Amino acid sequence: MSNQGQIDAVIDGLISDHARHPDRSVVSISRFEASSVLTLLPGYDSITLPFDGHHQIFHYSRILLSLKNLSEGKGGILTEYDLYAIKSITPFSREGVKKDNNLSKCLLMKLDGDDVNISEVDRRQLVFHKLLLSEAGYANSKTSFGGAEIAFDLTSLTERGADLLKQAESQPNSQQSLQFINSKLEVTIMRDSYENSGTAMQVGKKNNIQGNAALFSSERAINIDLGVLAGELQVQLDELNGAARDTGQRKSLVALSEAVDSANGGDRQGTFENLRKAGPWVWEAIKFSSKEVAKNAIKIVMDAATGS
């Protein structure tokens, strides 16, 4: 799993290279470079922005799709604006981040005026724990964004945060102090896992949907011909491409595109997981189509969603 420092270094390199060629309207990037960048980037639905950032998340999902197309030689466009968006949005990913109560304590102490050195901590780790403290009500925060830039930081302790720090510092030893903080910091970002371990372009959580894994490997799912399914889903994707009217529907199309790729690659579990992410808008379109294999696959997904 890549960390934010790796992503920052790669993107800074691309920005620097592009700056040396002011005549270029788009970033010059080879198939190999596009593939390498893509392997570093987290999935779009691992992003938790501290505001209603649907537009930014959708923009990021389109960047991933462009990189995927570029890596496959299908053509795609990456702009300097996109590079800055990657660097600005990816720190808000939860992929590969683990809860660190010592870091939470250090952030609280820093707000309280203590000289705490956290300069070596990965940027994604910092953003995650700042979000956690803000969500839990222990710190005030501020957010600003404009264009591709998003800025989020903690500004001060809340009364609740000051009380937490005071009580933690009164514990007999440092271990008990951390245990005390751990007992209080139970809020999760967007009710998600602290240890999400998805990978780039395998958007979504770590297959933790109750009962789905078993269902998607059941005899019903195994009997689905992935080759035929890929062809039928591609036709449906082409038909729906011009019909998306909002961010939710466009994100559904990204998931449907991923389902096509998974099916073409023989990844049965990935195919069904991506169909699940595509959601009701896509399900309804396929359910009433003439594509029998796709309809059977959607029936399996819908049964999983309803627990049937």
# chains A, B, ... in the order shown; residues from 1 in each chain; ligands from 1
>>> residues_around(residues="region 154-167 of chain A", least_positions_apart="5", cutoff="7 Å", atoms="only C-alpha atoms", output="ChimeraX atom specification")
/A:108,111-112,130,137-142
>>> write_last_selection(atoms="C-alpha atoms", output="PDB file, in the first residue's frame")
ATOM      1  CA  LEU A 108      -4.195  17.437  20.983  1.00  0.00           C
ATOM      2  CA  LEU A 111      -3.196  22.382  19.920  1.00  0.00           C
ATOM      3  CA  ASP A 112      -2.636  22.926  23.634  1.00  0.00           C
ATOM      4  CA  LYS A 130      -7.305  15.383  12.379  1.00  0.00           C
ATOM      5  CA  GLY A 137     -15.767  16.922  18.842  1.00  0.00           C
ATOM      6  CA  TYR A 138     -12.358  17.226  20.498  1.00  0.00           C
ATOM      7  CA  ALA A 139     -10.998  19.925  18.195  1.00  0.00           C
ATOM      8  CA  ASN A 140     -12.272  22.832  16.116  1.00  0.00           C
ATOM      9  CA  SER A 141     -11.319  22.774  12.459  1.00  0.00           C
ATOM     10  CA  LYS A 142     -11.473  24.857   9.319  1.00  0.00           C
TER      11      LYS A 142
END
>>> residues_around(residues="His18 (chain A)", least_positions_apart="2", cutoff="12 Å", atoms="only C-alpha atoms", output="ChimeraX atom specification")
/A:11-16,20-29,78-81,83-84
>>> atom_distance(atom1="CA of Pro91 (chain A)", atom2="CA of Gly5 (chain A)")
9.4 Å
>>> atom_distance(atom1="CA of Phe128 (chain A)", atom2="CA of Glu95 (chain A)")
10.2 Å
>>> select_by_dssp(residues="region 7-177 of chain A", states="alpha helix (DSSP H)", output="ChimeraX atom specification")
/A:7-19,31-40,54-71,80-89,101-111,123-135,159-169,174-177
>>> decode(residues="region 11-44 of chain A", atoms="N, CA, C and O atoms", output="JSON list (two decimals), in the first residue's frame")
[["chain", "number", "residue", "atom", "x", "y", "z"],
["A", 11, "ILE", "N", 3.71, 12.87, -8.02],
["A", 11, "ILE", "CA", 2.92, 13.95, -8.62],
["A", 11, "ILE", "C", 3.75, 15.23, -8.74],
["A", 11, "ILE", "O", 3.66, 15.95, -9.75],
["A", 12, "ASP", "N", 4.57, 15.54, -7.73],
["A", 12, "ASP", "CA", 5.44, 16.72, -7.81],
["A", 12, "ASP", "C", 6.37, 16.61, -9.00],
["A", 12, "ASP", "O", 6.67, 17.61, -9.68],
["A", 13, "GLY", "N", 6.86, 15.38, -9.27],
["A", 13, "GLY", "CA", 7.73, 15.17, -10.42],
["A", 13, "GLY", "C", 7.02, 15.45, -11.73],
["A", 13, "GLY", "O", 7.59, 16.08, -12.64],
["A", 14, "LEU", "N", 5.79, 14.99, -11.85],
["A", 14, "LEU", "CA", 5.01, 15.23, -13.06],
["A", 14, "LEU", "C", 4.68, 16.71, -13.24],
["A", 14, "LEU", "O", 4.72, 17.24, -14.35],
["A", 15, "ILE", "N", 4.37, 17.39, -12.12],
["A", 15, "ILE", "CA", 4.08, 18.83, -12.18],
["A", 15, "ILE", "C", 5.32, 19.60, -12.63],
["A", 15, "ILE", "O", 5.24, 20.51, -13.47],
["A", 16, "SER", "N", 6.46, 19.23, -12.07],
["A", 16, "SER", "CA", 7.71, 19.89, -12.42],
["A", 16, "SER", "C", 8.06, 19.70, -13.90],
["A", 16, "SER", "O", 8.47, 20.64, -14.59],
["A", 17, "ASP", "N", 7.87, 18.48, -14.39],
["A", 17, "ASP", "CA", 8.15, 18.19, -15.80],
["A", 17, "ASP", "C", 7.20, 18.98, -16.71],
["A", 17, "ASP", "O", 7.63, 19.53, -17.73],
["A", 18, "HIS", "N", 5.94, 19.04, -16.32],
["A", 18, "HIS", "CA", 4.97, 19.77, -17.15],
["A", 18, "HIS", "C", 5.28, 21.27, -17.18],
["A", 18, "HIS", "O", 5.09, 21.93, -18.21],
["A", 19, "ALA", "N", 5.77, 21.79, -16.05],
["A", 19, "ALA", "CA", 6.08, 23.22, -15.97],
["A", 19, "ALA", "C", 7.20, 23.61, -16.92],
["A", 19, "ALA", "O", 7.30, 24.77, -17.33],
["A", 20, "ARG", "N", 8.05, 22.66, -17.27],
["A", 20, "ARG", "CA", 9.15, 22.94, -18.20],
["A", 20, "ARG", "C", 8.68, 23.01, -19.66],
["A", 20, "ARG", "O", 9.47, 23.32, -20.55],
["A", 21, "HIS", "N", 7.39, 22.70, -19.86],
["A", 21, "HIS", "CA", 6.86, 22.71, -21.23],
["A", 21, "HIS", "C", 5.55, 23.50, -21.23],
["A", 21, "HIS", "O", 4.45, 22.93, -21.34],
["A", 22, "PRO", "N", 5.64, 24.83, -21.11],
["A", 22, "PRO", "CA", 4.44, 25.68, -20.99],
["A", 22, "PRO", "C", 3.53, 25.63, -22.22],
["A", 22, "PRO", "O", 2.39, 26.06, -22.16],
["A", 23, "ASP", "N", 4.05, 25.11, -23.33],
["A", 23, "ASP", "CA", 3.24, 25.04, -24.54],
["A", 23, "ASP", "C", 2.26, 23.87, -24.53],
["A", 23, "ASP", "O", 1.34, 23.81, -25.34],
["A", 24, "ARG", "N", 2.45, 22.94, -23.60],
["A", 24, "ARG", "CA", 1.58, 21.77, -23.56],
["A", 24, "ARG", "C", 0.27, 22.09, -22.83],
["A", 24, "ARG", "O", 0.28, 22.61, -21.72],
["A", 25, "SER", "N", -0.83, 21.73, -23.45],
["A", 25, "SER", "CA", -2.13, 21.93, -22.80],
["A", 25, "SER", "C", -2.49, 20.76, -21.89],
["A", 25, "SER", "O", -3.28, 20.91, -20.96],
["A", 26, "VAL", "N", -1.91, 19.58, -22.17],
["A", 26, "VAL", "CA", -2.16, 18.41, -21.32],
["A", 26, "VAL", "C", -0.83, 17.82, -20.89],
["A", 26, "VAL", "O", 0.22, 18.09, -21.49],
["A", 27, "VAL", "N", -0.87, 17.02, -19.84],
["A", 27, "VAL", "CA", 0.34, 16.40, -19.31],
["A", 27, "VAL", "C", 0.79, 15.28, -20.23],
["A", 27, "VAL", "O", -0.02, 14.43, -20.64],
["A", 28, "SER", "N", 2.06, 15.29, -20.57],
["A", 28, "SER", "CA", 2.62, 14.21, -21.38],
["A", 28, "SER", "C", 3.00, 13.06, -20.45],
["A", 28, "SER", "O", 3.84, 13.21, -19.57],
["A", 29, "ILE", "N", 2.36, 11.90, -20.65],
["A", 29, "ILE", "CA", 2.60, 10.77, -19.77],
["A", 29, "ILE", "C", 2.52, 9.48, -20.59],
["A", 29, "ILE", "O", 1.60, 9.30, -21.39],
["A", 30, "SER", "N", 3.50, 8.62, -20.41],
["A", 30, "SER", "CA", 3.53, 7.36, -21.17],
["A", 30, "SER", "C", 2.58, 6.34, -20.55],
["A", 30, "SER", "O", 2.08, 6.51, -19.43],
["A", 31, "ARG", "N", 2.36, 5.25, -21.28],
["A", 31, "ARG", "CA", 1.52, 4.17, -20.75],
["A", 31, "ARG", "C", 2.10, 3.62, -19.46],
["A", 31, "ARG", "O", 1.40, 3.35, -18.50],
["A", 32, "PHE", "N", 3.43, 3.44, -19.45],
["A", 32, "PHE", "CA", 4.10, 2.90, -18.26],
["A", 32, "PHE", "C", 3.94, 3.85, -17.08],
["A", 32, "PHE", "O", 3.64, 3.43, -15.95],
["A", 33, "GLU", "N", 4.14, 5.15, -17.33],
["A", 33, "GLU", "CA", 4.00, 6.12, -16.25],
["A", 33, "GLU", "C", 2.57, 6.17, -15.72],
["A", 33, "GLU", "O", 2.34, 6.23, -14.51],
["A", 34, "ALA", "N", 1.59, 6.13, -16.64],
["A", 34, "ALA", "CA", 0.19, 6.15, -16.22],
["A", 34, "ALA", "C", -0.14, 4.93, -15.36],
["A", 34, "ALA", "O", -0.82, 5.03, -14.35],
["A", 35, "SER", "N", 0.39, 3.77, -15.78],
["A", 35, "SER", "CA", 0.15, 2.54, -15.01],
["A", 35, "SER", "C", 0.80, 2.63, -13.63],
["A", 35, "SER", "O", 0.21, 2.21, -12.63],
["A", 36, "SER", "N", 2.01, 3.19, -13.58],
["A", 36, "SER", "CA", 2.72, 3.31, -12.31],
["A", 36, "SER", "C", 2.00, 4.25, -11.35],
["A", 36, "SER", "O", 1.87, 3.96, -10.16],
["A", 37, "VAL", "N", 1.50, 5.38, -11.89],
["A", 37, "VAL", "CA", 0.76, 6.32, -11.05],
["A", 37, "VAL", "C", -0.52, 5.66, -10.54],
["A", 37, "VAL", "O", -0.89, 5.78, -9.36],
["A", 38, "LEU", "N", -1.20, 4.95, -11.43],
["A", 38, "LEU", "CA", -2.46, 4.32, -11.08],
["A", 38, "LEU", "C", -2.31, 3.33, -9.93],
["A", 38, "LEU", "O", -3.17, 3.25, -9.05],
["A", 39, "THR", "N", -1.22, 2.58, -9.92],
["A", 39, "THR", "CA", -1.02, 1.60, -8.84],
["A", 39, "THR", "C", -0.82, 2.26, -7.48],
["A", 39, "THR", "O", -1.03, 1.63, -6.45],
["A", 40, "LEU", "N", -0.41, 3.53, -7.48],
["A", 40, "LEU", "CA", -0.19, 4.24, -6.22],
["A", 40, "LEU", "C", -1.48, 4.80, -5.63],
["A", 40, "LEU", "O", -1.59, 5.00, -4.42],
["A", 41, "LEU", "N", -2.45, 5.10, -6.50],
["A", 41, "LEU", "CA", -3.59, 5.90, -6.06],
["A", 41, "LEU", "C", -4.68, 5.08, -5.39],
["A", 41, "LEU", "O", -5.00, 3.97, -5.83],
["A", 42, "PRO", "N", -5.27, 5.61, -4.32],
["A", 42, "PRO", "CA", -6.37, 4.93, -3.64],
["A", 42, "PRO", "C", -7.66, 5.02, -4.43],
["A", 42, "PRO", "O", -7.81, 5.88, -5.31],
["A", 43, "GLY", "N", -8.61, 4.14, -4.15],
["A", 43, "GLY", "CA", -9.91, 4.17, -4.81],
["A", 43, "GLY", "C", -10.71, 5.40, -4.44],
["A", 43, "GLY", "O", -10.56, 5.95, -3.35],
["A", 44, "TYR", "N", -11.58, 5.84, -5.35],
["A", 44, "TYR", "CA", -12.30, 7.09, -5.12],
["A", 44, "TYR", "C", -13.28, 7.01, -3.96],
["A", 44, "TYR", "O", -13.58, 8.01, -3.31]]
